[in-house]
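Here is target.cif, consisting of mmCIF, C-alpha atoms and all ligand atoms:
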data_coords
#
loop_
_atom_site.label_atom_id
_atom_site.label_comp_id
_atom_site.auth_asym_id
_atom_site.auth_seq_id
_atom_site.Cartn_x
_atom_site.Cartn_y
_atom_site.Cartn_z
CA MET A 94 284.53 157.24 231.61
CA LYS A 95 283.13 156.28 228.30
CA PHE A 96 279.88 157.98 229.12
CA ARG A 97 281.67 161.12 230.28
CA ARG A 98 283.64 161.45 227.08
CA TRP A 99 280.44 161.08 225.11
CA ALA A 100 278.76 163.73 227.21
CA LEU A 101 281.65 166.12 226.64
CA ALA A 102 281.50 165.56 222.90
CA ALA A 103 277.76 166.09 222.93
CA THR A 104 278.18 169.31 224.90
CA ALA A 105 280.76 170.54 222.43
CA LEU A 106 278.46 169.69 219.56
CA LEU A 107 275.61 171.46 221.28
CA CYS A 108 277.76 174.54 221.82
CA MET A 109 278.66 174.64 218.17
CA ALA A 110 275.03 174.31 217.22
CA VAL A 111 274.06 177.10 219.60
CA SER A 112 276.78 179.44 218.39
CA SER A 113 275.86 178.91 214.76
CA LEU A 114 272.21 179.46 215.63
CA SER A 115 272.84 182.47 217.82
CA TRP A 116 272.44 185.87 216.26
CA ALA A 117 275.56 187.34 214.73
CA GLY A 118 275.91 190.42 212.62
CA ASP A 119 278.78 192.74 211.85
CA ILE A 120 278.37 196.49 211.78
CA LYS A 121 278.74 197.60 208.18
CA ASN A 122 277.80 201.25 208.33
CA VAL A 123 276.74 203.98 210.79
CA ARG A 124 274.49 206.98 210.23
CA LEU A 125 273.65 209.84 212.57
CA TRP A 126 270.59 212.11 212.55
CA LEU A 127 270.17 215.18 214.70
CA ALA A 128 266.58 216.05 215.75
CA PRO A 129 265.60 218.87 218.13
CA ASP A 130 264.81 216.49 220.99
CA HIS A 131 267.14 213.58 220.30
CA THR A 132 270.12 212.29 218.36
CA ARG A 133 269.67 209.05 216.48
CA LEU A 134 272.46 206.62 215.64
CA VAL A 135 271.67 203.87 213.17
CA PHE A 136 273.96 200.88 212.75
CA ASP A 137 273.56 198.82 209.58
CA LEU A 138 274.13 195.15 210.32
CA SER A 139 275.02 192.18 208.19
CA GLY A 140 272.57 190.02 210.17
CA PRO A 141 270.36 189.97 213.24
CA ILE A 142 272.01 190.66 216.60
CA SER A 143 271.21 190.87 220.25
CA HIS A 144 272.60 193.80 222.18
CA LYS A 145 272.90 195.26 225.64
CA LEU A 146 273.01 198.97 226.44
CA PHE A 147 274.00 200.56 229.71
CA THR A 148 275.27 203.88 231.01
CA LEU A 149 278.33 204.73 233.07
CA SER A 150 279.13 207.98 234.83
CA ASN A 151 282.28 209.97 235.66
CA PRO A 152 282.81 210.57 232.83
CA SER A 153 279.35 210.13 231.42
CA ARG A 154 279.19 207.46 228.70
CA ILE A 155 276.98 204.89 227.05
CA VAL A 156 278.17 201.36 226.41
CA LEU A 157 276.77 199.03 223.79
CA ASP A 158 277.73 195.37 223.92
CA VAL A 159 277.08 193.31 220.79
CA PRO A 160 277.95 189.61 221.00
CA ALA A 161 279.57 187.89 218.04
CA SER A 162 280.08 191.03 216.03
CA LYS A 163 282.84 193.02 214.34
CA MET A 164 283.05 196.74 213.62
CA LYS A 165 283.51 197.14 209.89
CA ALA A 166 282.30 200.74 209.66
CA SER A 167 284.41 203.83 210.03
CA LEU A 168 283.30 205.66 213.16
CA SER A 169 285.58 208.62 212.50
CA GLN A 170 283.51 209.72 209.49
CA LEU A 171 280.55 210.64 211.73
CA ASP A 172 279.88 214.35 212.14
CA LEU A 173 279.25 214.72 215.87
CA LYS A 174 278.86 218.50 215.84
CA GLY A 175 275.82 219.63 217.82
CA THR A 176 275.21 216.16 219.24
CA PRO A 177 275.56 215.05 222.87
CA VAL A 178 278.31 212.65 221.74
CA LYS A 179 281.86 213.83 222.31
CA SER A 180 283.46 210.82 220.71
CA ILE A 181 282.62 207.29 219.70
CA ARG A 182 284.95 204.32 219.78
CA SER A 183 284.83 200.58 219.55
CA GLY A 184 286.89 197.74 220.91
CA ARG A 185 286.76 194.03 221.58
CA ARG A 186 285.31 192.83 224.82
CA ASN A 187 286.81 189.44 224.17
CA SER A 188 287.69 187.43 221.10
CA ARG A 189 284.05 187.26 220.08
CA ASP A 190 282.15 190.27 221.32
CA LEU A 191 282.14 193.90 220.30
CA ARG A 192 281.91 196.90 222.63
CA ILE A 193 281.00 200.38 221.43
CA VAL A 194 281.46 203.35 223.76
CA LEU A 195 279.88 206.77 223.32
CA ASP A 196 281.57 209.48 225.36
CA LEU A 197 279.00 212.13 226.21
CA ASN A 198 279.22 215.83 226.83
CA THR A 199 275.68 216.18 228.21
CA LYS A 200 273.35 213.89 230.07
CA VAL A 201 270.88 212.01 227.87
CA LYS A 202 268.30 209.27 228.24
CA PRO A 203 269.24 206.47 225.86
CA ARG A 204 266.84 204.04 224.22
CA SER A 205 267.75 201.37 221.74
CA PHE A 206 266.02 198.82 219.58
CA GLU A 207 266.69 196.43 216.73
CA LEU A 208 264.85 196.70 213.43
CA ALA A 209 264.08 193.88 211.01
CA PRO A 210 264.87 194.35 207.31
CA ASN A 211 262.50 196.22 205.01
CA LYS A 212 262.60 197.26 201.37
CA LYS A 213 265.19 199.97 201.93
CA TYR A 214 267.44 198.59 204.66
CA GLY A 215 268.65 195.32 206.14
CA HIS A 216 268.92 194.59 209.86
CA ARG A 217 269.52 197.73 211.89
CA LEU A 218 270.31 198.68 215.45
CA VAL A 219 268.97 202.09 216.46
CA VAL A 220 270.22 204.09 219.45
CA ASP A 221 268.36 207.26 220.38
CA LEU A 222 269.91 209.73 222.78
CA VAL A 223 267.01 211.73 224.14
CA LYS A 224 267.56 215.17 225.68
CA THR A 225 266.67 215.14 229.35
CA SER A 226 265.95 218.83 229.85
CA LYS A 227 262.23 219.25 229.34
CA PRO A 228 261.02 222.12 227.14
CA LYS A 229 259.44 224.95 229.14
CA THR A 230 255.71 224.52 229.49
CA THR A 231 253.24 227.27 230.16
CA THR A 232 250.99 226.87 233.16
CA VAL A 233 247.87 227.95 231.30
CA PRO A 234 246.82 225.54 228.55
CA SER A 235 247.44 227.50 225.37
CA SER A 236 244.06 226.51 223.91
CA ILE A 237 242.30 228.44 226.62
CA SER A 238 244.61 231.41 226.52
CA LYS A 239 244.58 231.61 222.74
CA LYS A 240 240.95 230.91 222.01
CA GLN A 241 239.38 232.91 224.79
CA LYS A 242 241.66 235.87 225.23
CA ASP A 243 242.59 236.81 221.70
CA PRO A 244 239.59 237.48 219.48
CA ARG A 245 241.88 238.01 216.49
CA ARG A 246 244.23 235.08 216.62
CA ASN A 247 246.19 233.82 213.65
CA ILE A 248 245.21 230.71 211.73
CA ILE A 249 247.79 228.03 212.43
CA VAL A 250 248.94 225.90 209.52
CA ALA A 251 251.01 222.83 210.42
CA ILE A 252 253.33 222.00 207.55
CA ASP A 253 254.58 218.44 207.45
CA ALA A 254 257.48 217.73 205.13
CA GLY A 255 257.27 213.97 204.58
CA HIS A 256 259.96 211.44 205.55
CA GLY A 257 263.38 212.74 206.71
CA GLY A 258 266.52 211.44 208.34
CA GLU A 259 266.77 207.70 208.10
CA ASP A 260 263.84 207.65 205.67
CA PRO A 261 264.69 209.29 202.31
CA GLY A 262 261.19 208.70 200.90
CA ALA A 263 260.99 208.05 197.19
CA ILE A 264 264.22 208.16 195.23
CA GLY A 265 264.18 209.41 191.66
CA PRO A 266 266.62 209.63 188.79
CA GLY A 267 269.96 211.13 189.80
CA ARG A 268 269.33 209.95 193.38
CA LEU A 269 266.94 212.85 193.93
CA ARG A 270 265.43 212.22 197.34
CA GLU A 271 261.83 213.02 198.24
CA LYS A 272 262.75 214.16 201.77
CA VAL A 273 264.96 216.94 200.34
CA VAL A 274 262.45 218.16 197.74
CA VAL A 275 259.54 218.31 200.18
CA MET A 276 261.58 220.07 202.89
CA SER A 277 262.41 222.79 200.40
CA ILE A 278 258.73 223.19 199.38
CA ALA A 279 257.69 223.17 203.06
CA ASN A 280 260.19 225.90 203.92
CA GLU A 281 258.92 228.11 201.10
CA LEU A 282 255.29 227.54 202.13
CA SER A 283 256.25 228.48 205.68
CA ARG A 284 257.97 231.65 204.46
CA LEU A 285 254.88 232.70 202.47
CA LEU A 286 252.52 232.08 205.39
CA LYS A 287 254.78 233.90 207.82
CA LYS A 288 254.54 237.15 205.89
CA GLU A 289 250.78 236.82 205.30
CA PRO A 290 248.72 238.66 207.96
CA GLY A 291 246.46 236.32 209.88
CA PHE A 292 248.54 233.14 209.46
CA THR A 293 251.16 231.38 211.55
CA PRO A 294 253.05 228.48 209.98
CA GLU A 295 254.36 225.65 212.15
CA LEU A 296 256.91 223.35 210.56
CA ILE A 297 256.50 219.86 211.98
CA ARG A 298 259.91 218.77 210.71
CA LYS A 299 262.59 221.45 210.75
CA GLY A 300 265.57 219.48 209.49
CA ASP A 301 266.81 216.16 208.24
CA TYR A 302 265.52 213.73 210.88
CA TYR A 303 262.66 211.28 211.10
CA ILE A 304 259.40 211.79 212.99
CA PRO A 305 256.96 208.87 213.38
CA LEU A 306 253.65 209.38 211.56
CA ARG A 307 251.51 209.52 214.71
CA LYS A 308 253.86 212.03 216.28
CA ARG A 309 253.40 214.34 213.31
CA THR A 310 249.64 214.61 213.80
CA GLN A 311 250.13 214.80 217.56
CA ALA A 312 252.45 217.76 217.08
CA ALA A 313 249.86 219.49 214.89
CA ARG A 314 247.20 218.98 217.54
CA LYS A 315 249.50 220.25 220.25
CA LYS A 316 250.10 223.41 218.22
CA GLU A 317 246.31 223.71 217.84
CA ALA A 318 246.61 223.76 214.11
CA ASP A 319 243.64 224.81 212.02
CA LEU A 320 245.06 222.80 209.14
CA PHE A 321 247.61 220.05 208.66
CA VAL A 322 249.34 219.90 205.27
CA SER A 323 251.57 216.93 204.55
CA ILE A 324 253.86 217.38 201.56
CA HIS A 325 255.19 214.51 199.49
CA ALA A 326 256.62 213.78 196.08
CA ASP A 327 256.14 210.14 195.51
CA ALA A 328 256.99 207.32 193.22
CA PHE A 329 254.96 204.75 191.40
CA LYS A 330 256.07 201.43 189.97
CA ASP A 331 255.26 202.77 186.50
CA PRO A 332 257.72 205.59 185.62
CA ARG A 333 255.14 207.06 183.23
CA ALA A 334 252.89 208.04 186.15
CA LYS A 335 252.95 211.84 186.49
CA GLY A 336 251.16 214.83 187.91
CA ALA A 337 250.32 216.41 191.23
CA SER A 338 247.40 215.25 193.34
CA VAL A 339 245.74 216.16 196.62
CA TRP A 340 244.55 213.53 199.07
CA ALA A 341 242.10 213.55 201.93
CA LEU A 342 241.56 210.72 204.36
CA SER A 343 239.18 207.96 203.54
CA GLN A 344 238.03 205.62 206.27
CA ARG A 345 236.41 203.19 203.92
CA GLY A 346 239.13 202.62 201.37
CA ALA A 347 241.11 204.13 198.58
CA SER A 348 239.39 205.65 195.57
CA SER A 349 241.90 204.06 193.19
CA GLU A 350 244.58 201.45 192.85
CA MET A 351 247.12 204.27 192.98
CA GLY A 352 245.61 205.37 196.28
CA ARG A 353 246.03 201.96 197.83
CA TRP A 354 249.58 201.76 196.57
CA LEU A 355 250.61 205.22 197.76
CA ALA A 356 248.90 204.86 201.12
CA GLY A 357 250.67 201.54 201.57
CA ARG A 358 254.00 203.18 200.83
CA GLU A 359 253.48 206.19 203.04
CA ASN A 360 252.08 204.15 205.90
CA ASN A 361 255.17 201.96 205.83
CA THR A 362 257.59 204.83 206.30
CA ASP A 363 257.68 204.23 210.06
CA LEU A 364 259.42 200.94 209.30
CA VAL A 365 262.06 202.74 207.27
CA GLY A 366 262.35 205.81 209.50
CA GLY A 367 262.83 203.57 212.50
CA VAL A 368 259.99 203.37 214.99
CA GLY A 369 260.85 200.73 217.53
CA THR A 370 259.47 201.99 220.80
CA LEU A 371 256.29 203.61 219.66
CA SER A 372 254.18 200.65 218.68
CA LEU A 373 250.63 201.41 219.61
CA GLY A 374 249.00 198.65 221.60
CA GLY A 375 245.69 197.25 220.42
CA LYS A 376 243.92 199.41 222.98
CA ASP A 377 245.19 202.62 221.47
CA GLU A 378 244.08 201.53 218.04
CA VAL A 379 240.55 200.91 219.29
CA LEU A 380 240.47 204.23 221.09
CA ALA A 381 241.86 205.99 218.03
CA GLY A 382 239.12 204.41 215.94
CA VAL A 383 236.40 205.62 218.27
CA LEU A 384 237.82 209.13 218.36
CA LEU A 385 238.04 209.15 214.60
CA ASP A 386 234.41 208.18 214.21
CA MET A 387 233.26 210.82 216.65
CA SER A 388 234.84 213.91 215.25
CA MET A 389 236.07 213.03 211.82
CA THR A 390 233.07 214.06 209.77
CA ALA A 391 233.43 217.80 210.17
CA SER A 392 237.14 217.87 209.51
CA LEU A 393 236.75 215.57 206.50
CA THR A 394 234.40 218.05 204.85
CA ASP A 395 236.85 220.87 205.51
CA SER A 396 239.74 218.72 204.30
CA ARG A 397 237.97 218.09 201.02
CA GLU A 398 237.17 221.77 200.58
CA ILE A 399 240.68 222.96 201.31
CA GLY A 400 242.02 220.18 199.11
CA GLY A 401 239.83 221.45 196.29
CA TYR A 402 241.27 224.96 196.50
CA VAL A 403 244.83 223.66 196.64
CA LEU A 404 244.22 221.37 193.68
CA LYS A 405 242.76 224.19 191.59
CA ASN A 406 245.85 226.31 192.19
CA LEU A 407 248.23 223.42 191.58
CA GLY A 408 246.52 222.93 188.22
CA ARG A 409 247.84 226.33 187.16
CA VAL A 410 251.50 225.39 187.64
CA ALA A 411 251.63 221.60 187.42
CA HIS A 412 250.21 218.74 185.43
CA LEU A 413 247.43 217.18 187.51
CA HIS A 414 247.27 213.46 188.06
CA LYS A 415 243.54 213.64 188.88
CA ARG A 416 241.16 216.60 188.71
CA ALA A 417 239.39 215.81 191.97
CA VAL A 418 240.59 215.43 195.56
CA GLN A 419 241.52 211.77 196.04
CA HIS A 420 240.87 209.53 199.02
CA ALA A 421 242.99 206.92 200.73
CA GLY A 422 243.79 205.74 204.22
CA PHE A 423 246.97 207.67 205.00
CA VAL A 424 247.96 207.30 208.65
CA VAL A 425 249.43 210.79 208.68
CA LEU A 426 246.00 212.28 207.93
CA LYS A 427 244.26 210.59 210.86
CA SER A 428 243.95 213.61 213.07
CA PRO A 429 240.33 213.68 214.13
CA ASP A 430 239.87 217.35 214.87
CA VAL A 431 242.32 218.98 212.48
CA PRO A 432 241.41 219.23 208.79
CA SER A 433 244.26 217.49 207.00
CA ILE A 434 245.40 217.12 203.43
CA LEU A 435 248.29 215.35 201.78
CA VAL A 436 249.77 216.98 198.69
CA GLU A 437 251.59 214.76 196.23
CA THR A 438 253.56 217.42 194.40
CA GLY A 439 254.49 215.11 191.55
CA PHE A 440 256.12 211.82 190.71
CA ILE A 441 259.79 211.67 191.48
CA SER A 442 259.84 208.37 189.58
CA ASN A 443 258.97 210.20 186.37
CA PRO A 444 262.22 211.52 184.84
CA ARG A 445 260.65 214.76 183.54
CA GLU A 446 258.90 215.56 186.78
CA ALA A 447 261.94 214.64 188.84
CA LYS A 448 263.91 217.21 186.86
CA LEU A 449 261.27 219.89 187.54
CA LEU A 450 260.97 218.98 191.23
CA SER A 451 264.71 219.33 191.69
CA THR A 452 264.65 223.02 190.73
CA ARG A 453 264.09 225.77 193.27
CA SER A 454 261.81 227.73 190.91
CA TYR A 455 259.40 224.82 190.45
CA GLN A 456 259.48 224.02 194.19
CA ASN A 457 258.54 227.66 194.88
CA LYS A 458 255.70 227.55 192.34
CA ILE A 459 254.26 224.48 194.04
CA ALA A 460 254.57 226.12 197.46
CA LYS A 461 252.83 229.26 196.16
CA ALA A 462 249.97 227.17 194.74
CA VAL A 463 249.45 225.40 198.09
CA PHE A 464 249.63 228.77 199.86
CA ASP A 465 247.07 230.36 197.51
CA GLY A 466 244.68 227.44 197.99
CA VAL A 467 244.95 227.59 201.77
CA LYS A 468 244.51 231.37 201.81
CA GLN A 469 241.47 231.24 199.52
CA HIS A 470 239.72 228.67 201.68
CA PHE A 471 240.29 230.49 204.94
CA THR A 472 239.41 233.88 203.48
CA ARG A 473 236.09 232.47 202.36
CA LYS A 474 235.50 230.46 205.52
CA PRO A 475 237.50 231.98 208.38
CA PRO A 476 237.29 230.18 211.74
CA ALA A 477 235.63 232.24 214.49
CA MET A 478 237.79 234.57 216.55
CA THR A 479 240.53 234.83 213.98
CA TYR A 480 242.07 237.85 212.35
CA LEU A 481 240.56 236.78 209.03
CA ALA A 482 237.09 236.52 210.60
CA TRP A 483 237.54 239.97 212.09
CA LYS A 484 238.68 241.33 208.73
CA ALA A 485 235.74 239.69 206.95
CA LYS A 486 233.44 241.71 209.20
CA GLY A 487 235.08 244.83 207.88
CA GLY A 488 237.53 245.07 210.71
CA ALA A 489 234.93 246.87 212.75
CA ALA A 490 235.62 247.72 216.36
CA SER A 491 232.43 245.91 217.29
CA SER A 492 229.87 243.52 215.94
CA ARG A 493 226.18 243.14 216.73
CA TYR A 494 224.69 240.19 218.56
CA LYS A 495 221.01 239.46 219.14
CA VAL A 496 220.30 237.70 222.42
CA VAL A 497 218.59 234.31 222.14
CA ARG A 498 216.91 232.04 224.67
CA GLY A 499 219.38 230.62 227.20
CA ASP A 500 221.95 233.39 226.83
CA THR A 501 223.47 235.05 229.84
CA LEU A 502 225.75 238.04 229.71
CA SER A 503 228.72 236.04 230.99
CA VAL A 504 228.18 233.28 228.41
CA ILE A 505 228.14 235.85 225.61
CA ALA A 506 231.24 237.53 227.00
CA ASN A 507 233.06 234.23 227.26
CA ARG A 508 232.04 233.12 223.80
CA ASN A 509 233.39 236.30 222.27
CA GLY A 510 236.59 236.46 224.23
CA VAL A 511 235.82 239.64 226.15
CA THR A 512 235.55 240.18 229.86
CA LEU A 513 232.12 240.54 231.43
CA ASN A 514 233.08 243.97 232.68
CA LYS A 515 234.15 245.15 229.23
CA LEU A 516 230.92 243.88 227.68
CA ARG A 517 228.89 245.67 230.40
CA LYS A 518 230.71 248.97 229.91
CA PHE A 519 230.64 248.72 226.11
CA ASN A 520 226.87 248.43 226.16
CA LYS A 521 226.38 250.82 229.09
CA LEU A 522 224.44 248.14 230.95
CA LYS A 523 223.33 248.88 234.48
CA SER A 524 222.54 245.25 235.34
CA ASP A 525 223.37 241.82 233.99
CA THR A 526 219.77 241.08 233.06
CA ILE A 527 219.28 240.73 229.33
CA ARG A 528 216.21 239.87 227.33
CA ILE A 529 215.63 237.75 224.22
CA GLY A 530 215.92 239.88 221.08
CA GLN A 531 218.04 242.53 222.74
CA VAL A 532 220.93 243.67 220.52
CA LEU A 533 224.37 243.89 222.08
CA GLN A 534 227.51 245.43 220.66
CA ILE A 535 230.42 242.99 220.95
CA PRO A 536 233.85 244.63 221.05
CA THR A 537 236.20 242.84 218.67
CA SER A 538 239.51 244.42 219.48
ZN ZN B 601 256.15 210.36 200.58
#
Would you mind writing the structure in this file as structure tokens?
Amino acid sequence: MKFRRWALAATALLCMAVSSLSWAGDIKNVRLWLAPDHTRLVFDLSGPISHKLFTLSNPSRIVLDVPASKMKASLSQLDLKGTPVKSIRSGRRNSRDLRIVLDLNTKVKPRSFELAPNKKYGHRLVVDLVKTSKPKTTTVPSSISKKQKDPRRNIIVAIDAGHGGEDPGAIGPGRLREKVVVMSIANELSRLLKKEPGFTPELIRKGDYYIPLRKRTQAARKKEADLFVSIHADAFKDPRAKGASVWALSQRGASSEMGRWLAGRENNTDLVGGVGTLSLGGKDEVLAGVLLDMSMTASLTDSREIGGYVLKNLGRVAHLHKRAVQHAGFVVLKSPDVPSILVETGFISNPREAKLLSTRSYQNKIAKAVFDGVKQHFTRKPPAMTYLAWKAKGGAASSRYKVVRGDTLSVIANRNGVTLNKLRKFNKLKSDTIRIGQVLQIPTS
């Protein structure tokens, strides 16, 4: 008996120890971000938690169970318009545990993860509701259709407005947020490119939501961008720091202390924006490294050149932080085959620059400077088979080509995006035999 009583007491003690050790956090606040492919709910917690998520049907809903937690946030303040969530409510599962229920109006694939504290936020629980309907895909890979069929394609510029959604970026005086400033500049740059013949802008981020850094470059590659421009307006620990700068990727290291600091900041945005399921395994990192080494050199040269043009134009409207293109290891620039630059439009931590950056007229001036730089580069060095390349040749209906060793008629046709038959007819050829030195007319339209 004596022993049993002791055992009971010990068990009780143990239970107390376990419950005080076990994770417990109340929900202090809730945010919601609407992206084209998913809706993200972020719960701010007072401490670490464990959670369970499951779905129920008829009616379709998602249930979140959080042990040892209380709901201290107001769920009714959430704007659910345009989201798959019809309503959200919370209740007690028992005296200790919290249950949150999301009533859905469409089917979604949920994913959830917990995030450890960082500089901007404490413990968080993130729930993503991913759309299940897949976007329509074309059967022909667009690279083939675009690059072989259309000899006058547009140059595609991927515009990446930094940060977004859960990640506000740098915050300046008057709570001016980087994500808002850069979205406005990105939209103006997109507008300018859209009305310029020969260019097609592609906004990577179209609203106030977060996209992981690797997904941004992936999106640019998927769109077959000729250029990736990431737009930022950052902060430095010293509020006196000022001026715009243009950055290209460096594999070896940053060219300045500022570069290390900024790259560190920007590379950490995934922690703030909330990337819980996208951690790249070691394998991917190795593979990424190999790919980078293989094809980086060419795009780095182009990046530096484009950066130079953009910098020169920025110098006309803004104070420059440095007169040369800077280098640092920004993750968002690591796109092996797409020339990529990162434009720091100014320092939001500098009160004078923050004031400028908050005005539409200054944002438009910056966008115009980036646009002019991009246009100048591609006018001088148009990629093959583009409208600008065609225009550079005087917009002629044909161009001349001298046959070299190893050429065949079909190779030449393929390379120039015309059919073999068209090339034959255009040159009034009676057979497909060609000889070295023979001059062919290549139709360009
Ligand atoms: Zn930034």
Exercise. Go through the chains and note each residue within 12 Å of ligand ZN 601 (chain B), using all atoms listed in the file, then give the set as a PyMOL selection string.
Key: chain A and resi 253-257+260-264+270-276+306+323-329+354-363+365-366+423-425+435-442
Could you write out as JSON the box around region 309-316 of chain A (axis-aligned, all atoms listed in the file, 3 Å on each side), with centre and edge lengths in Å to one decimal?
{"center_x": 250.3, "center_y": 218.9, "center_z": 216.8, "size_x": 12.2, "size_y": 15.1, "size_z": 12.9}
Exercise. Find the residues with any atom within 7 Å of (284.2, 197.5, 226.7); use only C-alpha atoms and the coordinates as given in the file, and write the answer as a list in words.
Key: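 Residues with an atom close enough to that point: Gly184, Arg185, Arg186, Arg192 and Ile193 of chain A.
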Practice problem: Can you work out which one of A:Lys335, A:Arg493, A:Lys202, A:Lys287 has the shortest atom-to-atom distance to Leu146 (chain A), counting only C-alpha atoms? | Solution: A:Lys202
Practice problem: Please provide the set of residues having any atom within 7 Å of Ser162 (chain A), restricted to all atoms listed in the file, with same-chain residues fewer than 4 positions apart removed, written as a PyMOL selection string. | Solution: chain A and resi 117-119+189-191
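CA of Thr452 (chain A) is positioned 26.9 Å from CA of Leu320 (chain A).
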Exercise. In the coordinates of the file, take the point (272.2, 205.0, 220.0) and a cut-off of 12 Å; then, counting all atoms listed in the file, name each qualifying protein, DNA or RNA residue as JSON, numbers by chain.
Key: {"A": [123, 124, 125, 126, 127, 131, 132, 133, 134, 135, 136, 144, 145, 146, 147, 148, 154, 155, 156, 157, 158, 176, 177, 178, 181, 193, 194, 195, 196, 197, 201, 202, 203, 204, 205, 206, 207, 217, 218, 219, 220, 221, 222, 223]}
Practice problem: Fewer than 5 positions away in the same chain doesn't count, so skip those; otherwise give me all residues within 8 Å of region 400-416 of chain A, counting all atoms listed in the file, as a ChimeraX atom specification. | Solution: /A:335-341,434,458-459,462-467,469-470
Take the residues just selected and output them with C-alpha atoms as a compact mmCIF listing (two decimals), in the coordinates of the input.
# COMPACT_ATOMS: atom_id res chain seq x y z
CA LYS A 335 252.95 211.84 186.49
CA GLY A 336 251.16 214.83 187.91
CA ALA A 337 250.32 216.41 191.23
CA SER A 338 247.40 215.25 193.34
CA VAL A 339 245.74 216.16 196.62
CA TRP A 340 244.55 213.53 199.07
CA ALA A 341 242.10 213.55 201.93
CA ILE A 434 245.40 217.12 203.43
CA LYS A 458 255.70 227.55 192.34
CA ILE A 459 254.26 224.48 194.04
CA ALA A 462 249.97 227.17 194.74
CA VAL A 463 249.45 225.40 198.09
CA PHE A 464 249.63 228.77 199.86
CA ASP A 465 247.07 230.36 197.51
CA GLY A 466 244.68 227.44 197.99
CA VAL A 467 244.95 227.59 201.77
CA GLN A 469 241.47 231.24 199.52
CA HIS A 470 239.72 228.67 201.68
Quiz item: A:Val250, A:Ala318, A:Ile304, A:Ala506: which is nearest Leu533 (chain A), counting all atoms listed in the file?
Solution: A:Ala506
Practice problem: Rounded to one decimal place, report the CA of Leu426 (chain A)-CA of Glu281 (chain A) distance in Å. | Solution: 21.5 Å
Quiz item: Between CA of Leu450 (chain A) and CA of Ser277 (chain A), what is the distance, to one decimal in Å?
Solution: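 It comes out at 10.0 Å.
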Practice problem: Between A:Ser491, A:Ser153, A:Ser180, A:Asn520, single out the one closest to Ile535 (chain A), counting all atoms listed in the file. | Solution: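 Closest candidate: A:Ser491.
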List as a Markdown table every residue of region 233-348 of chain A that is in contact with region 474-486 of chain A, defined as an atom at most 6 Å from one of its atoms (using all atoms listed in the file), together with the nearest atom pair and the distance in Å rounded to one decimal, sorted by chain and then rising number.
| residue | atom | partner | partner_atom | distance |
| --- | --- | --- | --- | --- |
| A:Pro244 | CA | A:Met478 | CA | 4.5 |
| A:Arg245 | CA | A:Tyr480 | CA | 4.1 |
| A:Arg246 | CA | A:Thr479 | CA | 4.6 |
| A:Asn247 | CA | A:Thr479 | CA | 5.8 |
| A:Gly291 | CA | A:Tyr480 | CA | 5.3 |
